[in-house]
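Asker: Here you go, this is model_26.pdb (PDB, C-alpha atoms).
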```
ATOM      1  CA  MET J1302       0.000   0.000   0.000  1.00  0.00           C
ATOM      2  CA  TYR J1303       1.046   3.591  -0.532  1.00  0.00           C
ATOM      3  CA  THR J1304       0.460   6.790   1.397  1.00  0.00           C
ATOM      4  CA  ALA J1305       1.730  10.322   0.946  1.00  0.00           C
ATOM      5  CA  TYR J1306       2.518  13.045   3.457  1.00  0.00           C
ATOM      6  CA  TYR J1307       2.381  16.704   2.462  1.00  0.00           C
ATOM      7  CA  PHE J1308       4.840  19.069   4.161  1.00  0.00           C
ATOM      8  CA  ARG J1309       5.824  22.710   3.740  1.00  0.00           C
ATOM      9  CA  ILE J1310       9.475  23.184   2.839  1.00  0.00           C
ATOM     10  CA  TYR J1311      11.677  26.234   3.260  1.00  0.00           C
ATOM     11  CA  PRO J1312      14.380  26.243   0.572  1.00  0.00           C
ATOM     12  CA  THR J1313      17.259  28.718   0.446  1.00  0.00           C
ATOM     13  CA  ASP J1314      17.415  31.220  -2.419  1.00  0.00           C
ATOM     14  CA  LYS J1315      19.804  28.960  -4.332  1.00  0.00           C
ATOM     15  CA  GLN J1316      17.487  25.972  -3.826  1.00  0.00           C
ATOM     16  CA  LYS J1317      14.476  28.034  -4.938  1.00  0.00           C
ATOM     17  CA  GLU J1318      16.330  28.903  -8.125  1.00  0.00           C
ATOM     18  CA  LEU J1319      17.099  25.218  -8.738  1.00  0.00           C
ATOM     19  CA  PHE J1320      13.474  24.226  -8.110  1.00  0.00           C
ATOM     20  CA  VAL J1321      12.198  26.866 -10.555  1.00  0.00           C
ATOM     21  CA  LYS J1322      14.713  25.661 -13.175  1.00  0.00           C
ATOM     22  CA  THR J1323      13.589  22.081 -12.610  1.00  0.00           C
ATOM     23  CA  PHE J1324       9.893  23.008 -12.951  1.00  0.00           C
ATOM     24  CA  GLY J1325      10.678  24.725 -16.245  1.00  0.00           C
ATOM     25  CA  CYS J1326      12.864  21.909 -17.566  1.00  0.00           C
ATOM     26  CA  ALA J1327      10.284  19.235 -16.701  1.00  0.00           C
ATOM     27  CA  ARG J1328       7.604  21.235 -18.546  1.00  0.00           C
ATOM     28  CA  SER J1329       9.947  21.974 -21.445  1.00  0.00           C
ATOM     29  CA  ILE J1330      11.087  18.360 -21.943  1.00  0.00           C
ATOM     30  CA  TYR J1331       7.454  17.186 -21.843  1.00  0.00           C
ATOM     31  CA  ASN J1332       6.500  19.719 -24.540  1.00  0.00           C
ATOM     32  CA  LYS J1333       9.553  19.004 -26.731  1.00  0.00           C
ATOM     33  CA  MET J1334       8.966  15.258 -26.556  1.00  0.00           C
ATOM     34  CA  LEU J1335       5.257  15.686 -27.318  1.00  0.00           C
ATOM     35  CA  ALA J1336       5.987  17.938 -30.320  1.00  0.00           C
ATOM     36  CA  ASP J1337       8.564  15.458 -31.664  1.00  0.00           C
ATOM     37  CA  LYS J1338       6.154  12.538 -31.218  1.00  0.00           C
ATOM     38  CA  ILE J1339       3.427  14.408 -33.104  1.00  0.00           C
ATOM     39  CA  GLU J1340       5.792  15.409 -35.939  1.00  0.00           C
ATOM     40  CA  HIS J1341       7.238  11.900 -36.246  1.00  0.00           C
ATOM     41  CA  TYR J1342       3.751  10.362 -36.322  1.00  0.00           C
ATOM     42  CA  LYS J1343       2.640  12.774 -39.079  1.00  0.00           C
ATOM     43  CA  GLN J1344       5.675  11.856 -41.196  1.00  0.00           C
ATOM     44  CA  THR J1345       5.852   8.090 -40.656  1.00  0.00           C
ATOM     45  CA  GLY J1346       2.591   6.985 -39.076  1.00  0.00           C
ATOM     46  CA  LYS J1347       4.581   5.297 -36.292  1.00  0.00           C
ATOM     47  CA  MET J1348       5.152   6.199 -32.667  1.00  0.00           C
ATOM     48  CA  LEU J1349       8.511   7.758 -31.761  1.00  0.00           C
ATOM     49  CA  LYS J1350      10.458   6.316 -28.822  1.00  0.00           C
ATOM     50  CA  ASN J1351      12.397   9.258 -27.405  1.00  0.00           C
ATOM     51  CA  THR J1352      14.094   9.907 -24.056  1.00  0.00           C
ATOM     52  CA  PRO J1353      15.261  13.030 -22.203  1.00  0.00           C
ATOM     53  CA  ALA J1354      18.900  11.978 -22.739  1.00  0.00           C
ATOM     54  CA  GLN J1355      18.506  12.618 -26.478  1.00  0.00           C
ATOM     55  CA  TYR J1356      17.784  16.308 -25.780  1.00  0.00           C
ATOM     56  CA  LYS J1357      20.669  17.046 -23.401  1.00  0.00           C
ATOM     57  CA  LYS J1358      23.175  17.551 -26.222  1.00  0.00           C
ATOM     58  CA  ASN J1359      21.117  20.309 -27.891  1.00  0.00           C
ATOM     59  CA  PHE J1360      19.796  21.788 -24.631  1.00  0.00           C
ATOM     60  CA  PRO J1361      22.632  21.773 -22.048  1.00  0.00           C
ATOM     61  CA  TYR J1362      20.462  23.373 -19.349  1.00  0.00           C
ATOM     62  CA  PHE J1363      18.746  19.983 -18.935  1.00  0.00           C
ATOM     63  CA  LYS J1364      21.998  18.756 -17.352  1.00  0.00           C
ATOM     64  CA  GLU J1365      21.677  21.306 -14.523  1.00  0.00           C
ATOM     65  CA  VAL J1366      18.538  19.720 -13.044  1.00  0.00           C
ATOM     66  CA  ASP J1367      17.656  16.337 -11.554  1.00  0.00           C
ATOM     67  CA  SER J1368      17.593  13.727 -14.317  1.00  0.00           C
ATOM     68  CA  LEU J1369      14.857  11.754 -12.546  1.00  0.00           C
ATOM     69  CA  ALA J1370      12.556  14.787 -12.792  1.00  0.00           C
ATOM     70  CA  LEU J1371      13.018  14.693 -16.565  1.00  0.00           C
ATOM     71  CA  ALA J1372      12.510  10.917 -16.624  1.00  0.00           C
ATOM     72  CA  ASN J1373       9.238  11.337 -14.722  1.00  0.00           C
ATOM     73  CA  ALA J1374       8.096  13.933 -17.282  1.00  0.00           C
ATOM     74  CA  GLN J1375       8.736  11.299 -19.966  1.00  0.00           C
ATOM     75  CA  PHE J1376       6.852   8.716 -17.894  1.00  0.00           C
ATOM     76  CA  ASN J1377       3.883  11.107 -17.559  1.00  0.00           C
ATOM     77  CA  LEU J1378       3.843  11.697 -21.317  1.00  0.00           C
ATOM     78  CA  GLU J1379       3.940   7.959 -22.034  1.00  0.00           C
ATOM     79  CA  GLY J1380       1.052   7.496 -19.589  1.00  0.00           C
ATOM     80  CA  ALA J1381      -0.967  10.230 -21.311  1.00  0.00           C
ATOM     81  CA  PHE J1382      -0.477   8.528 -24.694  1.00  0.00           C
ATOM     82  CA  SER J1383      -1.332   5.143 -23.224  1.00  0.00           C
ATOM     83  CA  ASN J1384      -4.549   6.539 -21.724  1.00  0.00           C
ATOM     84  CA  PHE J1385      -5.489   8.160 -25.032  1.00  0.00           C
ATOM     85  CA  PHE J1386      -4.927   5.045 -27.134  1.00  0.00           C
ATOM     86  CA  ASN J1387      -6.616   2.701 -24.633  1.00  0.00           C
ATOM     87  CA  ASN J1388      -9.590   4.990 -24.018  1.00  0.00           C
ATOM     88  CA  PRO J1389      -9.994   8.006 -26.377  1.00  0.00           C
ATOM     89  CA  LYS J1390     -12.368   9.758 -23.964  1.00  0.00           C
ATOM     90  CA  PHE J1391      -9.231  10.860 -22.051  1.00  0.00           C
ATOM     91  CA  GLY J1392      -8.324  13.050 -25.010  1.00  0.00           C
ATOM     92  CA  PHE J1393      -5.038  13.636 -26.777  1.00  0.00           C
ATOM     93  CA  PRO J1394      -2.139  14.779 -24.541  1.00  0.00           C
ATOM     94  CA  ASN J1395      -1.917  18.565 -24.230  1.00  0.00           C
ATOM     95  CA  PHE J1396       1.134  20.779 -24.066  1.00  0.00           C
ATOM     96  CA  LYS J1397       2.039  22.040 -20.585  1.00  0.00           C
ATOM     97  CA  SER J1398       1.436  25.737 -20.030  1.00  0.00           C
ATOM     98  CA  LYS J1399       4.033  28.123 -18.647  1.00  0.00           C
ATOM     99  CA  LYS J1400       1.199  30.197 -17.162  1.00  0.00           C
ATOM    100  CA  ASN J1401      -0.011  27.545 -14.692  1.00  0.00           C
ATOM    101  CA  SER J1402       0.230  28.898 -11.135  1.00  0.00           C
ATOM    102  CA  ARG J1403       1.005  25.480  -9.638  1.00  0.00           C
ATOM    103  CA  ARG J1404       4.316  24.046 -10.763  1.00  0.00           C
ATOM    104  CA  SER J1405       5.782  20.711  -9.732  1.00  0.00           C
ATOM    105  CA  TYR J1406       8.208  17.930 -10.477  1.00  0.00           C
ATOM    106  CA  THR J1407       8.625  14.412  -9.128  1.00  0.00           C
ATOM    107  CA  THR J1408      11.851  12.623  -8.317  1.00  0.00           C
ATOM    108  CA  ASN J1409      12.338   9.007  -7.274  1.00  0.00           C
ATOM    109  CA  ILE J1410      14.633   7.454  -4.732  1.00  0.00           C
ATOM    110  CA  VAL J1411      17.745   5.803  -6.193  1.00  0.00           C
ATOM    111  CA  ASN J1412      20.697   4.738  -4.015  1.00  0.00           C
ATOM    112  CA  ASN J1413      19.373   6.708  -1.015  1.00  0.00           C
ATOM    113  CA  ASN J1414      19.517  10.043  -2.859  1.00  0.00           C
ATOM    114  CA  ILE J1415      16.416  11.156  -0.912  1.00  0.00           C
ATOM    115  CA  GLU J1416      16.253  11.093   2.882  1.00  0.00           C
ATOM    116  CA  LEU J1417      14.025  12.594   5.542  1.00  0.00           C
ATOM    117  CA  LYS J1418      15.714  13.140   8.898  1.00  0.00           C
ATOM    118  CA  ASN J1419      16.116  15.747  11.633  1.00  0.00           C
ATOM    119  CA  GLY J1420      13.763  18.299  10.100  1.00  0.00           C
ATOM    120  CA  ARG J1421      15.560  18.192   6.762  1.00  0.00           C
ATOM    121  CA  LEU J1422      14.723  16.630   3.415  1.00  0.00           C
ATOM    122  CA  LYS J1423      17.677  15.608   1.254  1.00  0.00           C
ATOM    123  CA  LEU J1424      16.890  16.010  -2.455  1.00  0.00           C
ATOM    124  CA  PRO J1425      19.039  15.325  -5.537  1.00  0.00           C
ATOM    125  CA  LYS J1426      21.005  18.398  -6.720  1.00  0.00           C
ATOM    126  CA  ALA J1427      19.337  20.583  -4.028  1.00  0.00           C
ATOM    127  CA  GLY J1428      20.901  19.025  -0.932  1.00  0.00           C
ATOM    128  CA  LEU J1429      19.282  19.451   2.481  1.00  0.00           C
ATOM    129  CA  VAL J1430      16.061  21.488   2.547  1.00  0.00           C
ATOM    130  CA  ARG J1431      14.388  22.622   5.778  1.00  0.00           C
ATOM    131  CA  ILE J1432      10.980  20.993   6.229  1.00  0.00           C
ATOM    132  CA  LYS J1433       8.083  21.602   8.604  1.00  0.00           C
ATOM    133  CA  GLN J1434       7.510  17.983   9.616  1.00  0.00           C
ATOM    134  CA  HIS J1435       4.313  18.241  11.635  1.00  0.00           C
ATOM    135  CA  ARG J1436       3.802  14.490  11.921  1.00  0.00           C
ATOM    136  CA  GLU J1437       5.990  11.484  12.498  1.00  0.00           C
ATOM    137  CA  ILE J1438       6.483   8.842   9.842  1.00  0.00           C
ATOM    138  CA  PRO J1439       5.689   5.382  11.291  1.00  0.00           C
ATOM    139  CA  ASP J1440       8.419   2.766  11.408  1.00  0.00           C
ATOM    140  CA  GLY J1441       8.391   0.378   8.485  1.00  0.00           C
ATOM    141  CA  TYR J1442       7.400   3.031   5.944  1.00  0.00           C
ATOM    142  CA  ILE J1443       9.711   3.032   2.909  1.00  0.00           C
ATOM    143  CA  LEU J1444      10.282   6.318   1.072  1.00  0.00           C
ATOM    144  CA  LYS J1445       9.571   5.969  -2.675  1.00  0.00           C
ATOM    145  CA  SER J1446       9.382   9.434  -4.258  1.00  0.00           C
ATOM    146  CA  VAL J1447       9.013  13.154  -3.594  1.00  0.00           C
ATOM    147  CA  THR J1448       6.976  15.696  -5.534  1.00  0.00           C
ATOM    148  CA  VAL J1449       8.184  19.254  -5.005  1.00  0.00           C
ATOM    149  CA  SER J1450       5.593  21.898  -5.852  1.00  0.00           C
ATOM    150  CA  GLN J1451       5.155  25.650  -5.716  1.00  0.00           C
ATOM    151  CA  ILE J1452       1.758  27.266  -5.425  1.00  0.00           C
ATOM    152  CA  GLY J1453       0.760  30.673  -6.784  1.00  0.00           C
ATOM    153  CA  SER J1454       1.691  32.498  -3.578  1.00  0.00           C
ATOM    154  CA  GLY J1455       5.297  31.317  -3.936  1.00  0.00           C
ATOM    155  CA  LYS J1456       5.254  28.764  -1.099  1.00  0.00           C
ATOM    156  CA  PHE J1457       7.004  25.450  -1.649  1.00  0.00           C
ATOM    157  CA  TYR J1458       5.690  22.044  -0.585  1.00  0.00           C
ATOM    158  CA  ALA J1459       6.883  18.452  -0.722  1.00  0.00           C
ATOM    159  CA  SER J1460       4.560  15.488  -1.099  1.00  0.00           C
ATOM    160  CA  ILE J1461       6.478  12.440   0.082  1.00  0.00           C
ATOM    161  CA  LEU J1462       5.252   9.032  -1.058  1.00  0.00           C
ATOM    162  CA  PHE J1463       5.805   6.048   1.225  1.00  0.00           C
ATOM    163  CA  GLU J1464       5.169   2.354   0.758  1.00  0.00           C
ATOM    164  CA  TYR J1465       4.076   0.245   3.693  1.00  0.00           C
ATOM    165  CA  GLU J1466       2.881  -3.253   4.305  1.00  0.00           C
ATOM    166  CA  GLU J1467      -0.730  -3.437   5.347  1.00  0.00           C
ATOM    167  CA  LYS J1468      -1.309  -5.532   8.419  1.00  0.00           C
ATOM    168  CA  ILE J1469      -4.422  -7.626   8.084  1.00  0.00           C
ATOM    169  CA  THR J1470      -6.215  -8.326  11.304  1.00  0.00           C
ATOM    170  CA  ASN J1471      -8.871 -10.978  11.616  1.00  0.00           C
ATOM    171  CA  LYS J1472     -12.040 -10.044  13.444  1.00  0.00           C
ATOM    172  CA  GLU J1473     -13.420 -12.553  15.856  1.00  0.00           C
ATOM    173  CA  PRO J1474     -17.029 -13.572  15.150  1.00  0.00           C
TER     174      PRO J1474
END
```
Represent the structure of the file as structure tokens.
Answerer:
Amino acid sequence: MYTAYYFRIYPTDKQKELFVKTFGCARSIYNKMLADKIEHYKQTGKMLKNTPAQYKKNFPYFKEVDSLALANAQFNLEGAFSNFFNNPKFGFPNFKSKKNSRRSYTTNIVNNNIELKNGRLKLPKAGLVRIKQHREIPDGYILKSVTVSQIGSGKFYASILFEYEEKITNKEP
């Protein structure tokens, strides 16, 4: 089973700048990959298999941000296409807007690159970020991913996804 906890985070100015860059790069890679898929399909009638790594040579600013954030943007695009082809009522994937007031990116845990301890959240490329941890995480919960978001007022939040094993208890008749 999975559960997520939502906490306010207080990044430094340098971390804020990195988060804003990452939001923009995740949106940008999604849009570039979608445009290339559409163009390739119009020309060949076949689906293009592209990855964020293919774009890093032409767009070096993609190297400055967390690569897992870009990989998750690709994963989201693949999911949008899958939903469309399996059930057309979902509609064709749309381009992401720069004007959206809520911006976010998701990163996954790989080799303990994300940790939550002592009122700090360790994130890839950003380092330790202060967090307002208003509740304890139960023992046995395994950290899986973090979604960093910024709302219109400029506040930053982290939604931390945990996996846990559900304990089944038998009721006595």
Asker: Using only C-alpha atoms, which residues sit within 9 Å of J:Phe1308 once same-chain residues fewer than 5 positions away are excluded, as a PyMOL selection string?
Answerer: chain J and resi 1432-1435+1457-1461
Asker: For J:Ile1415, which of J:Ile1438, J:Phe1376, J:Leu1369, J:Gln1451 is the closest residue, counting all atoms listed in the file?
Answerer: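 Looking at the shortest contact to J:Ile1415, the residue is J:Leu1369.
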Asker: So which one's closest to J:Ser1368, J:Ile1310, J:Met1334, J:Ala1327, J:Ile1339? Using all atoms listed in the file, please.
Answerer: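 Under the stated criterion, the closest residue is J:Ala1327.
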Asker: Near J:Arg1404, counting all atoms listed in the file, which residues have an atom at most 7 Å away, once you skip same-chain residues fewer than 2 positions from it, shown as a VMD selection string?
Answerer: chain J and resid 1324 1401 to 1402 1450 to 1452
Asker: Which residues, written as a list in words, have at least one atom at most 8 Å from stretch 1346-1360 of chain J, with all atoms listed in the file counted and residues fewer than 6 positions away on the same chain left out?
Answerer: Ile1330, Met1334, Asp1337, Lys1338, Leu1371, Ala1372 and Gln1375 of chain J
Asker: Write out, as an mmCIF file, in the frame of the given file, the residues just selected, with C-alpha atoms.
Answerer:
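As written to disk, selection18.cif reads:
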```cif
data_model
loop_
_atom_site.group_PDB
_atom_site.id
_atom_site.type_symbol
_atom_site.label_atom_id
_atom_site.label_comp_id
_atom_site.auth_asym_id
_atom_site.auth_seq_id
_atom_site.Cartn_x
_atom_site.Cartn_y
_atom_site.Cartn_z
ATOM 1 C CA ILE J 1330 11.087 18.360 -21.943
ATOM 2 C CA MET J 1334 8.966 15.258 -26.556
ATOM 3 C CA ASP J 1337 8.564 15.458 -31.664
ATOM 4 C CA LYS J 1338 6.154 12.538 -31.218
ATOM 5 C CA LEU J 1371 13.018 14.693 -16.565
ATOM 6 C CA ALA J 1372 12.510 10.917 -16.624
ATOM 7 C CA GLN J 1375 8.736 11.299 -19.966
#
```
Asker: Out of J:Tyr1465, J:Tyr1306, J:Phe1320, J:Tyr1311, which residue has the shortest atom-to-atom distance to J:Pro1425 when counting all atoms listed in the file?
Answerer: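 With all atoms listed in the file as the atom set, the closest residue is J:Phe1320.
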Asker: Find, counting all atoms listed in the file, the residue in J:Val1411, J:Leu1422, J:Ala1336, J:Leu1417 that gets nearest to J:Phe1396.
Answerer: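 Smallest distance to J:Phe1396 is found for J:Ala1336.
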